[in-house]
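Colleague: Dropping in input_33.json, which is JSON, C-alpha atoms (C1' of nucleotides):
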```json
[["chain", "number", "residue", "atom", "x", "y", "z"],
["A", 1, "MET", "CA", 2.96, 23.85, -35.01],
["A", 2, "THR", "CA", 1.02, 25.89, -32.49],
["A", 3, "ARG", "CA", -2.54, 26.67, -33.49],
["A", 4, "TYR", "CA", -4.75, 29.52, -32.32],
["A", 5, "SER", "CA", -7.12, 28.76, -29.46],
["A", 6, "ARG", "CA", -9.76, 30.94, -27.85],
["A", 7, "GLN", "CA", -8.81, 29.51, -24.44],
["A", 8, "ARG", "CA", -5.13, 30.39, -24.74],
["A", 9, "GLU", "CA", -5.96, 33.92, -25.85],
["A", 10, "LEU", "CA", -8.24, 34.41, -22.83],
["A", 11, "ILE", "CA", -5.60, 33.02, -20.46],
["A", 12, "LEU", "CA", -2.91, 35.31, -21.91],
["A", 13, "LYS", "CA", -5.18, 38.36, -21.76],
["A", 14, "THR", "CA", -6.13, 37.49, -18.15],
["A", 15, "VAL", "CA", -2.50, 37.30, -17.00],
["A", 16, "GLN", "CA", -1.62, 40.48, -18.92],
["A", 17, "THR", "CA", -4.55, 42.39, -17.43],
["A", 18, "ASN", "CA", -4.43, 41.15, -13.82],
["A", 19, "LEU", "CA", -0.90, 42.11, -12.83],
["A", 20, "ILE", "CA", -1.37, 40.60, -9.37],
["A", 21, "HIS", "CA", 1.01, 37.68, -10.09],
["A", 22, "PRO", "CA", -1.83, 35.12, -9.94],
["A", 23, "THR", "CA", -1.33, 31.40, -9.26],
["A", 24, "ALA", "CA", -2.63, 28.84, -11.75],
["A", 25, "ASP", "CA", -5.69, 28.38, -9.52],
["A", 26, "GLU", "CA", -6.35, 32.11, -9.49],
["A", 27, "VAL", "CA", -5.98, 32.31, -13.28],
["A", 28, "TYR", "CA", -8.40, 29.39, -13.53],
["A", 29, "ALA", "CA", -10.95, 31.21, -11.33],
["A", 30, "LEU", "CA", -10.63, 34.38, -13.44],
["A", 31, "VAL", "CA", -10.98, 32.69, -16.82],
["A", 32, "HIS", "CA", -13.65, 30.32, -15.51],
["A", 33, "ALA", "CA", -15.78, 33.36, -14.65],
["A", 34, "GLN", "CA", -15.57, 34.43, -18.31],
["A", 35, "ASP", "CA", -15.99, 30.93, -19.74],
["A", 36, "PRO", "CA", -17.08, 28.10, -17.41],
["A", 37, "THR", "CA", -16.10, 25.38, -19.90],
["A", 38, "ILE", "CA", -12.35, 26.00, -19.62],
["A", 39, "SER", "CA", -10.61, 23.24, -17.67],
["A", 40, "LEU", "CA", -7.80, 23.50, -15.12],
["A", 41, "GLY", "CA", -5.52, 21.32, -17.25],
["A", 42, "THR", "CA", -5.89, 23.76, -20.13],
["A", 43, "VAL", "CA", -4.93, 26.63, -17.82],
["A", 44, "TYR", "CA", -1.79, 24.82, -16.63],
["A", 45, "ARG", "CA", -0.79, 23.74, -20.15],
["A", 46, "ASN", "CA", -1.18, 27.22, -21.58],
["A", 47, "LEU", "CA", 0.50, 29.00, -18.68],
["A", 48, "ASN", "CA", 3.51, 26.76, -19.29],
["A", 49, "LEU", "CA", 3.37, 27.24, -23.07],
["A", 50, "LEU", "CA", 3.11, 31.01, -22.68],
["A", 51, "SER", "CA", 5.99, 31.03, -20.18],
["A", 52, "GLN", "CA", 8.16, 29.01, -22.56],
["A", 53, "SER", "CA", 7.37, 31.29, -25.49],
["A", 54, "GLY", "CA", 8.23, 34.32, -23.35],
["A", 55, "ALA", "CA", 4.76, 35.89, -23.52],
["A", 56, "ILE", "CA", 4.47, 35.74, -19.73],
["A", 57, "ARG", "CA", 6.82, 34.82, -16.86],
["A", 58, "LYS", "CA", 6.64, 32.07, -14.25],
["A", 59, "VAL", "CA", 7.56, 33.12, -10.70],
["A", 60, "ALA", "CA", 8.70, 30.28, -8.44],
["A", 61, "VAL", "CA", 7.58, 30.75, -4.83],
["A", 62, "PRO", "CA", 9.41, 28.67, -2.21],
["A", 63, "GLY", "CA", 6.94, 26.40, -0.45],
["A", 64, "GLY", "CA", 3.98, 27.68, -2.46],
["A", 65, "ALA", "CA", 2.32, 27.47, -5.84],
["A", 66, "ASP", "CA", 4.00, 29.05, -8.86],
["A", 67, "ARG", "CA", 2.78, 32.52, -9.82],
["A", 68, "PHE", "CA", 2.51, 34.09, -13.28],
["A", 69, "ASP", "CA", 3.40, 37.57, -14.43],
["A", 70, "GLY", "CA", 2.25, 39.43, -17.55],
["A", 71, "ASN", "CA", 5.04, 41.97, -17.10],
["A", 72, "THR", "CA", 7.95, 40.59, -19.14],
["A", 73, "THR", "CA", 10.33, 43.52, -18.66],
["A", 74, "PRO", "CA", 13.48, 42.65, -16.64],
["A", 75, "HIS", "CA", 12.52, 42.77, -12.98],
["A", 76, "HIS", "CA", 12.38, 40.61, -9.86],
["A", 77, "HIS", "CA", 9.96, 39.90, -7.04],
["A", 78, "ILE", "CA", 9.57, 40.15, -3.30],
["A", 79, "ILE", "CA", 6.79, 38.04, -1.82],
["A", 80, "CYS", "CA", 4.71, 39.06, 1.19],
["A", 81, "THR", "CA", 4.89, 36.19, 3.70],
["A", 82, "PHE", "CA", 1.46, 37.17, 4.98],
["A", 83, "CYS", "CA", -0.82, 37.56, 1.95],
["A", 84, "GLY", "CA", 1.39, 36.03, -0.76],
["A", 85, "MET", "CA", 1.36, 39.19, -2.88],
["A", 86, "ALA", "CA", 4.40, 39.76, -5.08],
["A", 87, "ALA", "CA", 5.88, 43.26, -5.44],
["A", 88, "ASP", "CA", 8.30, 44.14, -8.25],
["A", 89, "TYR", "CA", 11.77, 45.61, -8.05],
["A", 90, "SER", "CA", 14.69, 45.88, -10.44],
["A", 91, "TYR", "CA", 18.31, 44.98, -9.72],
["A", 92, "ASP", "CA", 21.34, 43.99, -11.76],
["A", 93, "PHE", "CA", 22.57, 40.55, -10.73],
["A", 94, "GLY", "CA", 25.55, 40.63, -13.11],
["A", 95, "LYS", "CA", 28.14, 40.95, -10.30],
["A", 96, "LEU", "CA", 26.52, 38.05, -8.43],
["A", 97, "LYS", "CA", 26.76, 35.80, -11.51],
["A", 98, "ASP", "CA", 30.42, 36.74, -11.96],
["A", 99, "ASP", "CA", 31.24, 36.03, -8.31],
["A", 100, "VAL", "CA", 29.46, 32.65, -8.44],
["A", 101, "LEU", "CA", 31.30, 31.72, -11.65],
["A", 102, "HIS", "CA", 34.63, 32.44, -9.95],
["A", 103, "GLN", "CA", 33.71, 30.58, -6.76],
["A", 104, "THR", "CA", 32.05, 27.46, -8.25],
["A", 105, "GLY", "CA", 33.04, 27.32, -11.93],
["A", 106, "ILE", "CA", 29.35, 27.14, -12.79],
["A", 107, "GLU", "CA", 27.96, 29.59, -15.32],
["A", 108, "CYS", "CA", 24.56, 30.62, -14.00],
["A", 109, "SER", "CA", 21.96, 30.12, -16.72],
["A", 110, "HIS", "CA", 18.89, 30.94, -14.68],
["A", 111, "LEU", "CA", 18.34, 32.99, -11.58],
["A", 112, "THR", "CA", 15.40, 32.68, -9.18],
["A", 113, "VAL", "CA", 15.79, 35.30, -6.50],
["A", 114, "THR", "CA", 12.87, 35.31, -4.12],
["A", 115, "LEU", "CA", 12.84, 37.78, -1.28],
["A", 116, "GLU", "CA", 10.27, 37.65, 1.49],
["A", 117, "GLY", "CA", 8.97, 40.32, 3.82],
["A", 118, "ILE", "CA", 5.72, 41.87, 5.01],
["A", 119, "CYS", "CA", 4.00, 44.30, 2.63],
["A", 120, "ARG", "CA", 2.63, 47.72, 3.68],
["A", 121, "ASN", "CA", -0.98, 46.52, 3.61],
["A", 122, "CYS", "CA", -0.37, 43.59, 5.93],
["A", 123, "ARG", "CA", 1.86, 45.62, 8.24],
["A", 124, "GLU", "CA", -1.04, 48.05, 8.72],
["A", 125, "LYS", "CA", -3.47, 45.20, 9.39],
["A", 126, "LEU", "CA", -1.07, 43.70, 11.92],
["A", 127, "GLY", "CA", -0.94, 47.14, 13.54],
["A", 128, "GLY", "CA", 2.61, 47.24, 14.82],
["A", 129, "LYS", "CA", 2.70, 43.84, 16.48],
["A", 130, "ASN", "CA", 5.19, 41.49, 14.90],
["A", 131, "GLY", "CA", 5.31, 37.70, 15.32],
["B", 1, "MET", "CA", 9.20, 20.48, 25.58],
["B", 2, "THR", "CA", 11.27, 18.60, 23.03],
["B", 3, "ARG", "CA", 12.42, 15.20, 24.17],
["B", 4, "TYR", "CA", 15.45, 13.24, 22.98],
["B", 5, "SER", "CA", 14.81, 10.70, 20.26],
["B", 6, "ARG", "CA", 17.17, 8.20, 18.70],
["B", 7, "GLN", "CA", 15.54, 8.84, 15.31],
["B", 8, "ARG", "CA", 16.06, 12.60, 15.44],
["B", 9, "GLU", "CA", 19.69, 12.18, 16.44],
["B", 10, "LEU", "CA", 20.31, 9.82, 13.51],
["B", 11, "ILE", "CA", 18.59, 12.20, 11.07],
["B", 12, "LEU", "CA", 20.64, 15.16, 12.32],
["B", 13, "LYS", "CA", 23.90, 13.20, 12.15],
["B", 14, "THR", "CA", 23.02, 12.01, 8.63],
["B", 15, "VAL", "CA", 22.42, 15.56, 7.33],
["B", 16, "GLN", "CA", 25.56, 16.82, 9.08],
["B", 17, "THR", "CA", 27.70, 14.03, 7.66],
["B", 18, "ASN", "CA", 26.34, 13.86, 4.11],
["B", 19, "LEU", "CA", 26.92, 17.42, 2.91],
["B", 20, "ILE", "CA", 25.35, 16.64, -0.48],
["B", 21, "HIS", "CA", 22.24, 18.75, 0.25],
["B", 22, "PRO", "CA", 19.97, 15.67, 0.34],
["B", 23, "THR", "CA", 16.21, 15.78, -0.22],
["B", 24, "ALA", "CA", 13.86, 14.33, 2.41],
["B", 25, "ASP", "CA", 13.63, 11.15, 0.33],
["B", 26, "GLU", "CA", 17.41, 10.85, 0.19],
["B", 27, "VAL", "CA", 17.70, 11.41, 3.95],
["B", 28, "TYR", "CA", 15.05, 8.73, 4.40],
["B", 29, "ALA", "CA", 17.03, 6.27, 2.25],
["B", 30, "LEU", "CA", 20.22, 7.01, 4.23],
["B", 31, "VAL", "CA", 18.69, 6.65, 7.70],
["B", 32, "HIS", "CA", 16.56, 3.70, 6.58],
["B", 33, "ALA", "CA", 19.77, 1.84, 5.70],
["B", 34, "GLN", "CA", 20.91, 2.33, 9.33],
["B", 35, "ASP", "CA", 17.53, 1.63, 10.90],
["B", 36, "PRO", "CA", 14.75, 0.16, 8.71],
["B", 37, "THR", "CA", 12.02, 0.97, 11.23],
["B", 38, "ILE", "CA", 12.25, 4.77, 10.77],
["B", 39, "SER", "CA", 9.27, 6.12, 8.86],
["B", 40, "LEU", "CA", 9.18, 8.82, 6.18],
["B", 41, "GLY", "CA", 6.86, 10.98, 8.28],
["B", 42, "THR", "CA", 9.41, 10.99, 11.10],
["B", 43, "VAL", "CA", 12.09, 12.12, 8.65],
["B", 44, "TYR", "CA", 9.95, 15.02, 7.38],
["B", 45, "ARG", "CA", 8.87, 16.07, 10.88],
["B", 46, "ASN", "CA", 12.41, 16.09, 12.22],
["B", 47, "LEU", "CA", 13.94, 17.80, 9.19],
["B", 48, "ASN", "CA", 11.42, 20.61, 9.74],
["B", 49, "LEU", "CA", 12.03, 20.69, 13.51],
["B", 50, "LEU", "CA", 15.80, 20.78, 13.00],
["B", 51, "SER", "CA", 15.45, 23.54, 10.36],
["B", 52, "GLN", "CA", 13.31, 25.61, 12.71],
["B", 53, "SER", "CA", 15.74, 25.18, 15.60],
["B", 54, "GLY", "CA", 18.59, 26.24, 13.30],
["B", 55, "ALA", "CA", 20.51, 22.95, 13.57],
["B", 56, "ILE", "CA", 20.26, 22.47, 9.80],
["B", 57, "ARG", "CA", 19.03, 24.57, 6.86],
["B", 58, "LYS", "CA", 16.22, 23.99, 4.37],
["B", 59, "VAL", "CA", 17.07, 24.84, 0.76],
["B", 60, "ALA", "CA", 14.05, 25.61, -1.45],
["B", 61, "VAL", "CA", 14.51, 24.36, -5.02],
["B", 62, "PRO", "CA", 12.17, 25.84, -7.65],
["B", 63, "GLY", "CA", 10.12, 23.06, -9.22],
["B", 64, "GLY", "CA", 11.76, 20.36, -7.12],
["B", 65, "ALA", "CA", 11.84, 18.84, -3.65],
["B", 66, "ASP", "CA", 13.33, 20.83, -0.78],
["B", 67, "ARG", "CA", 16.92, 20.01, 0.13],
["B", 68, "PHE", "CA", 18.61, 20.05, 3.53],
["B", 69, "ASP", "CA", 22.01, 21.35, 4.49],
["B", 70, "GLY", "CA", 24.07, 20.53, 7.58],
["B", 71, "ASN", "CA", 26.32, 23.54, 6.92],
["B", 72, "THR", "CA", 24.73, 26.38, 8.86],
["B", 73, "THR", "CA", 27.38, 29.01, 8.14],
["B", 74, "PRO", "CA", 26.16, 31.96, 6.00],
["B", 75, "HIS", "CA", 26.25, 30.82, 2.39],
["B", 76, "HIS", "CA", 23.99, 30.36, -0.64],
["B", 77, "HIS", "CA", 23.39, 27.74, -3.32],
["B", 78, "ILE", "CA", 23.51, 27.17, -7.03],
["B", 79, "ILE", "CA", 21.58, 24.15, -8.29],
["B", 80, "CYS", "CA", 22.62, 21.99, -11.24],
["B", 81, "THR", "CA", 19.64, 21.83, -13.61],
["B", 82, "PHE", "CA", 20.83, 18.41, -14.78],
["B", 83, "CYS", "CA", 21.54, 16.34, -11.65],
["B", 84, "GLY", "CA", 19.98, 18.58, -9.00],
["B", 85, "MET", "CA", 23.22, 18.90, -7.03],
["B", 86, "ALA", "CA", 23.64, 22.09, -5.00],
["B", 87, "ALA", "CA", 27.00, 23.88, -4.86],
["B", 88, "ASP", "CA", 27.80, 26.50, -2.24],
["B", 89, "TYR", "CA", 28.95, 30.08, -2.67],
["B", 90, "SER", "CA", 29.06, 33.12, -0.44],
["B", 91, "TYR", "CA", 27.84, 36.61, -1.27],
["B", 92, "ASP", "CA", 26.71, 39.67, 0.65],
["B", 93, "PHE", "CA", 23.12, 40.55, -0.25],
["B", 94, "GLY", "CA", 23.06, 43.67, 1.98],
["B", 95, "LYS", "CA", 23.03, 46.12, -0.95],
["B", 96, "LEU", "CA", 20.19, 44.17, -2.61],
["B", 97, "LYS", "CA", 18.08, 44.37, 0.55],
["B", 98, "ASP", "CA", 18.71, 48.12, 0.80],
["B", 99, "ASP", "CA", 17.77, 48.70, -2.83],
["B", 100, "VAL", "CA", 14.57, 46.63, -2.44],
["B", 101, "LEU", "CA", 13.62, 48.56, 0.70],
["B", 102, "HIS", "CA", 13.98, 51.86, -1.18],
["B", 103, "GLN", "CA", 12.03, 50.60, -4.21],
["B", 104, "THR", "CA", 9.17, 48.77, -2.49],
["B", 105, "GLY", "CA", 9.12, 49.91, 1.14],
["B", 106, "ILE", "CA", 9.30, 46.27, 2.17],
["B", 107, "GLU", "CA", 11.98, 45.21, 4.62],
["B", 108, "CYS", "CA", 13.25, 41.84, 3.39],
["B", 109, "SER", "CA", 13.09, 39.34, 6.25],
["B", 110, "HIS", "CA", 14.08, 36.28, 4.30],
["B", 111, "LEU", "CA", 16.04, 35.72, 1.15],
["B", 112, "THR", "CA", 15.88, 32.66, -1.08],
["B", 113, "VAL", "CA", 18.32, 33.12, -3.91],
["B", 114, "THR", "CA", 18.46, 30.09, -6.14],
["B", 115, "LEU", "CA", 20.77, 30.11, -9.11],
["B", 116, "GLU", "CA", 20.73, 27.40, -11.74],
["B", 117, "GLY", "CA", 23.41, 26.21, -14.13],
["B", 118, "ILE", "CA", 25.17, 23.01, -15.24],
["B", 119, "CYS", "CA", 27.81, 21.62, -12.89],
["B", 120, "ARG", "CA", 31.28, 20.48, -14.04],
["B", 121, "ASN", "CA", 30.39, 16.79, -13.70],
["B", 122, "CYS", "CA", 27.32, 17.04, -15.91],
["B", 123, "ARG", "CA", 29.08, 19.26, -18.45],
["B", 124, "GLU", "CA", 31.71, 16.54, -18.86],
["B", 125, "LYS", "CA", 29.03, 13.85, -19.25],
["B", 126, "LEU", "CA", 27.24, 15.99, -21.86],
["B", 127, "GLY", "CA", 30.61, 16.29, -23.64],
["B", 128, "GLY", "CA", 30.34, 19.76, -25.12],
["B", 129, "LYS", "CA", 26.88, 19.39, -26.66],
["B", 130, "ASN", "CA", 24.37, 21.76, -25.16],
["B", 131, "GLY", "CA", 20.59, 21.54, -25.50],
["C", 1, "DT", "C1'", 13.43, 1.12, 40.45],
["C", 2, "DT", "C1'", 8.71, 1.55, 39.04],
["C", 3, "DC", "C1'", 4.95, 4.30, 37.49],
["C", 4, "DC", "C1'", 2.87, 7.88, 34.92],
["C", 5, "DT", "C1'", 2.42, 11.68, 31.72],
["C", 6, "DT", "C1'", 2.85, 12.84, 27.22],
["C", 7, "DA", "C1'", 6.30, 13.69, 23.40],
["C", 8, "DA", "C1'", 7.55, 11.06, 19.55],
["C", 9, "DT", "C1'", 7.00, 7.34, 16.56],
["C", 10, "DA", "C1'", 5.31, 4.03, 12.64],
["C", 11, "DG", "C1'", 2.22, 3.45, 9.34],
["C", 12, "DT", "C1'", -1.36, 5.04, 6.72],
["C", 13, "DA", "C1'", -4.55, 8.33, 4.79],
["C", 14, "DA", "C1'", -5.22, 12.89, 3.06],
["C", 15, "DT", "C1'", -3.86, 17.17, 0.72],
["C", 16, "DT", "C1'", -1.87, 20.26, -2.68],
["C", 17, "DA", "C1'", 0.18, 21.45, -6.89],
["C", 18, "DT", "C1'", 0.91, 19.68, -11.07],
["C", 19, "DT", "C1'", 1.24, 16.49, -14.99],
["C", 20, "DA", "C1'", -0.49, 12.59, -17.90],
["C", 21, "DC", "C1'", -4.12, 10.31, -20.45],
["C", 22, "DT", "C1'", -8.01, 9.87, -23.72],
["C", 23, "DA", "C1'", -11.99, 10.60, -26.25],
["C", 24, "DT", "C1'", -13.88, 14.67, -28.41],
["C", 25, "DT", "C1'", -13.72, 19.30, -30.52],
["C", 26, "DA", "C1'", -12.09, 22.76, -33.50],
["C", 27, "DT", "C1'", -8.33, 25.13, -36.26],
["C", 28, "DT", "C1'", -6.41, 25.58, -40.57],
["C", 29, "DA", "C1'", -3.91, 23.93, -44.83],
["C", 30, "DG", "C1'", -5.18, 22.17, -49.26],
["D", 1, "DC", "C1'", -15.58, 21.80, -47.79],
["D", 2, "DT", "C1'", -12.83, 18.35, -45.94],
["D", 3, "DA", "C1'", -9.17, 15.89, -43.87],
["D", 4, "DA", "C1'", -5.29, 15.91, -40.61],
["D", 5, "DT", "C1'", -4.13, 16.83, -36.22],
["D", 6, "DA", "C1'", -3.44, 20.50, -32.51],
["D", 7, "DA", "C1'", -5.96, 21.63, -28.54],
["D", 8, "DT", "C1'", -9.48, 20.83, -25.39],
["D", 9, "DA", "C1'", -12.47, 18.97, -21.29],
["D", 10, "DG", "C1'", -12.60, 15.95, -17.88],
["D", 11, "DT", "C1'", -10.59, 12.66, -15.24],
["D", 12, "DA", "C1'", -6.92, 9.88, -13.37],
["D", 13, "DA", "C1'", -2.27, 9.75, -11.80],
["D", 14, "DT", "C1'", 1.91, 11.51, -9.63],
["D", 15, "DA", "C1'", 5.08, 13.78, -6.37],
["D", 16, "DA", "C1'", 6.05, 16.14, -2.29],
["D", 17, "DT", "C1'", 4.39, 16.93, 1.90],
["D", 18, "DT", "C1'", 1.29, 17.12, 5.87],
["D", 19, "DA", "C1'", -2.31, 15.18, 8.96],
["D", 20, "DC", "C1'", -4.17, 11.44, 11.71],
["D", 21, "DT", "C1'", -4.13, 7.70, 15.16],
["D", 22, "DA", "C1'", -2.92, 3.93, 17.81],
["D", 23, "DT", "C1'", 1.39, 2.55, 19.93],
["D", 24, "DT", "C1'", 6.00, 3.27, 21.95],
["D", 25, "DA", "C1'", 9.25, 5.26, 24.86],
["D", 26, "DA", "C1'", 11.60, 9.48, 27.27],
["D", 27, "DG", "C1'", 12.34, 11.12, 31.62],
["D", 28, "DG", "C1'", 10.48, 13.30, 35.94],
["D", 29, "DA", "C1'", 8.30, 11.99, 40.37],
["D", 30, "DA", "C1'", 7.08, 8.68, 44.00]]
```
Since I need it in another form, could you write the structure as structure tokens?

Modeller:
Amino acid sequence: MTRYSRQRELILKTVQTNLIHPTADEVYALVHAQDPTISLGTVYRNLNLLSQSGAIRKVAVPGGADRFDGNTTPHHHIICTFCGMAADYSYDFGKLKDDVLHQTGIECSHLTVTLEGICRNCREKLGGKNG
Amino acid sequence: MTRYSRQRELILKTVQTNLIHPTADEVYALVHAQDPTISLGTVYRNLNLLSQSGAIRKVAVPGGADRFDGNTTPHHHIICTFCGMAADYSYDFGKLKDDVLHQTGIECSHLTVTLEGICRNCREKLGGKNG
DNA sequence: TTCCTTAATAGTAATTATTACTATTATTAG
DNA sequence: CTAATAATAGTAATAATTACTATTAAGGAA
């Protein structure tokens, strides 16, 4: 039986308000500013609880820390390889799932599509040069 | 200037021969059986070197250890959530990249699509029950 | 071949992201 | 109000990976 907690409410509100796809560490910094007694373990536990309950979404980032998203409408992410920011897009992966089912016999239950590129902001900072 | 090394050759041959998408730990176990003096750090360093040079591919697994693939032809992976095995499939993500470019203005430079499901083997072991 | 420069190694320590543990606090049913 | 126990704070532990350092060994030049 899940019980109300002030900490969980603050964590949820923080992720719902800061739609910057924060990492657990970033969520911790944000909530810690509001309430310095909240511990990192509590942040992790509640981010996972809230993800499981569907209140928020967990975004797996290859080679980096997981990010969390207060926007639960169907959408996907592209990560900036420079600043780590995640931008949203929408796309229907139904045809992909069908093709994979035919090719492998495996029914895809979960889909983690992570695209990477350089966002507008960082491209401006880099000023044309590309490495 | 990269110099020949017996260890790197063995690691490359191991990944090319064992097309089971092994993790670094699994590669270490395999090469260690052939040559017990090879260290884990050497395995990691060379797997990364070989990935960068394009001789093998690194497969990011959400919430798990990276896997390595000796098959460098264009293809993608679906991971079994039960045993961690990776199966191959092929798919053209050109339309996805175009759509994302139009929606976000970001040109996708790298694409990490990871699908998850339960493989045939594990489905048989589970024997119909699903939880 | 022998010598020398330095890339690569083995082994260990450190780091990062995350989970586990435990005594204490606080929610909520009765 | 009180008891049962979910949730917490704080810390320790874990897992995957990288960094560090003294030693080894490629491979080009004498």

Colleague: Give one line per residue of segment 22-91 of chain A that approaches segment 108-127 of chain A to at most 9 Å, naming the two atoms of the closest pair and their distance in Å to one decimal, counting all atoms listed in the file; sort by chain then ascending residue number and deliver it as a tab-separated table.

Modeller:
```
residue	atom	partner	partner_atom	distance
A:Val59	CA	A:Thr112	CA	8.0
A:Ala60	CA	A:Thr112	CA	7.2
A:Val61	CA	A:Thr114	CA	7.0
A:Pro62	CA	A:Thr114	CA	7.7
A:His76	CA	A:Val113	CA	7.1
A:His77	CA	A:Thr114	CA	6.2
A:Ile78	CA	A:Leu115	CA	4.5
A:Ile79	CA	A:Glu116	CA	4.8
A:Cys80	CA	A:Ile118	CA	4.8
A:Thr81	CA	A:Gly117	CA	5.8
A:Phe82	CA	A:Ile118	CA	6.3
A:Cys83	CA	A:Cys122	CA	7.2
A:Met85	CA	A:Cys119	CA	8.0
A:Ala86	CA	A:Cys119	CA	9.0
A:Ala87	CA	A:Cys119	CA	8.4
```

Colleague: Write out as an MDAnalysis selection string the residues lying within 12 Å of DT18 of chain C, counting only C-alpha atoms (C1' of nucleotides) and excluding same-chain residues fewer than 5 positions away.

Modeller: (chainID A and resid 24:25 40:41 43:45 48 65:66) or (chainID B and resid 63:64) or (chainID D and resid 13:16)

Colleague: Quick check: residues of chain D within 8 Å of chain A, all atoms listed in the file, returned as a VMD selection string.

Modeller: chain D and resid 6 to 10

Colleague: Take the residues just selected and output them with C-alpha atoms (C1' of nucleotides) as a tab-separated table (two decimals), keeping the file's coordinate frame.

Modeller:
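The resulting file, again.tsv, is shown below:
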```tsv
chain	number	residue	atom	x	y	z
D	6	DA	C1'	-3.44	20.50	-32.51
D	7	DA	C1'	-5.96	21.63	-28.54
D	8	DT	C1'	-9.48	20.83	-25.39
D	9	DA	C1'	-12.47	18.97	-21.29
D	10	DG	C1'	-12.60	15.95	-17.88
```

Colleague: Using all atoms listed in the file, which residues of chain C come within 8 Å of chain B, and what is the closest atom pair for each, with the distance in Å to one decimal? Give it as CSV, sorted by chain and residue number.

Modeller:
```
residue,atom,partner,partner_atom,distance
C:DA7,C1',B:Arg3,CA,6.4
C:DA8,C1',B:Ser5,CA,7.3
C:DT9,C1',B:Thr42,CA,7.0
C:DA10,C1',B:Ser39,CA,5.9
C:DG11,C1',B:Ser39,CA,7.6
```

Colleague: Which distance in Å separates atom CA of Asp92 of chain A and atom CA of Gly70 of chain A, to one decimal?

Modeller: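 A separation of 20.5 Å between them.
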
Colleague: Using all atoms listed in the file, can you list as an MDAnalysis selection string the residues within 7 Å of (12.3, 41.8, -12.1)?

Modeller: chainID A and resid 74:77 88:90

Colleague: Around segment 15-32 of chain A, with edges along x, y and z and 8 Å added on all six sides, what centre and edge lengths do you get, in Å to one decimal, as lines of an AutoDock Vina configuration file?

Modeller:
```
center_x = -6.3
center_y = 35.4
center_z = -14.1
size_x = 30.7
size_y = 30.0
size_z = 25.7
```

Colleague: Counting only C-alpha atoms (C1' of nucleotides), select every polymer residue within 10 Å of (9.6, 5.6, 29.5) as defined in the file's coordinates, and provide the selection as a list in words.

Modeller: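 The distance filter leaves exactly DC3, DC4 and DT5 of chain C; DT24, DA25, DA26 and DG27 of chain D.
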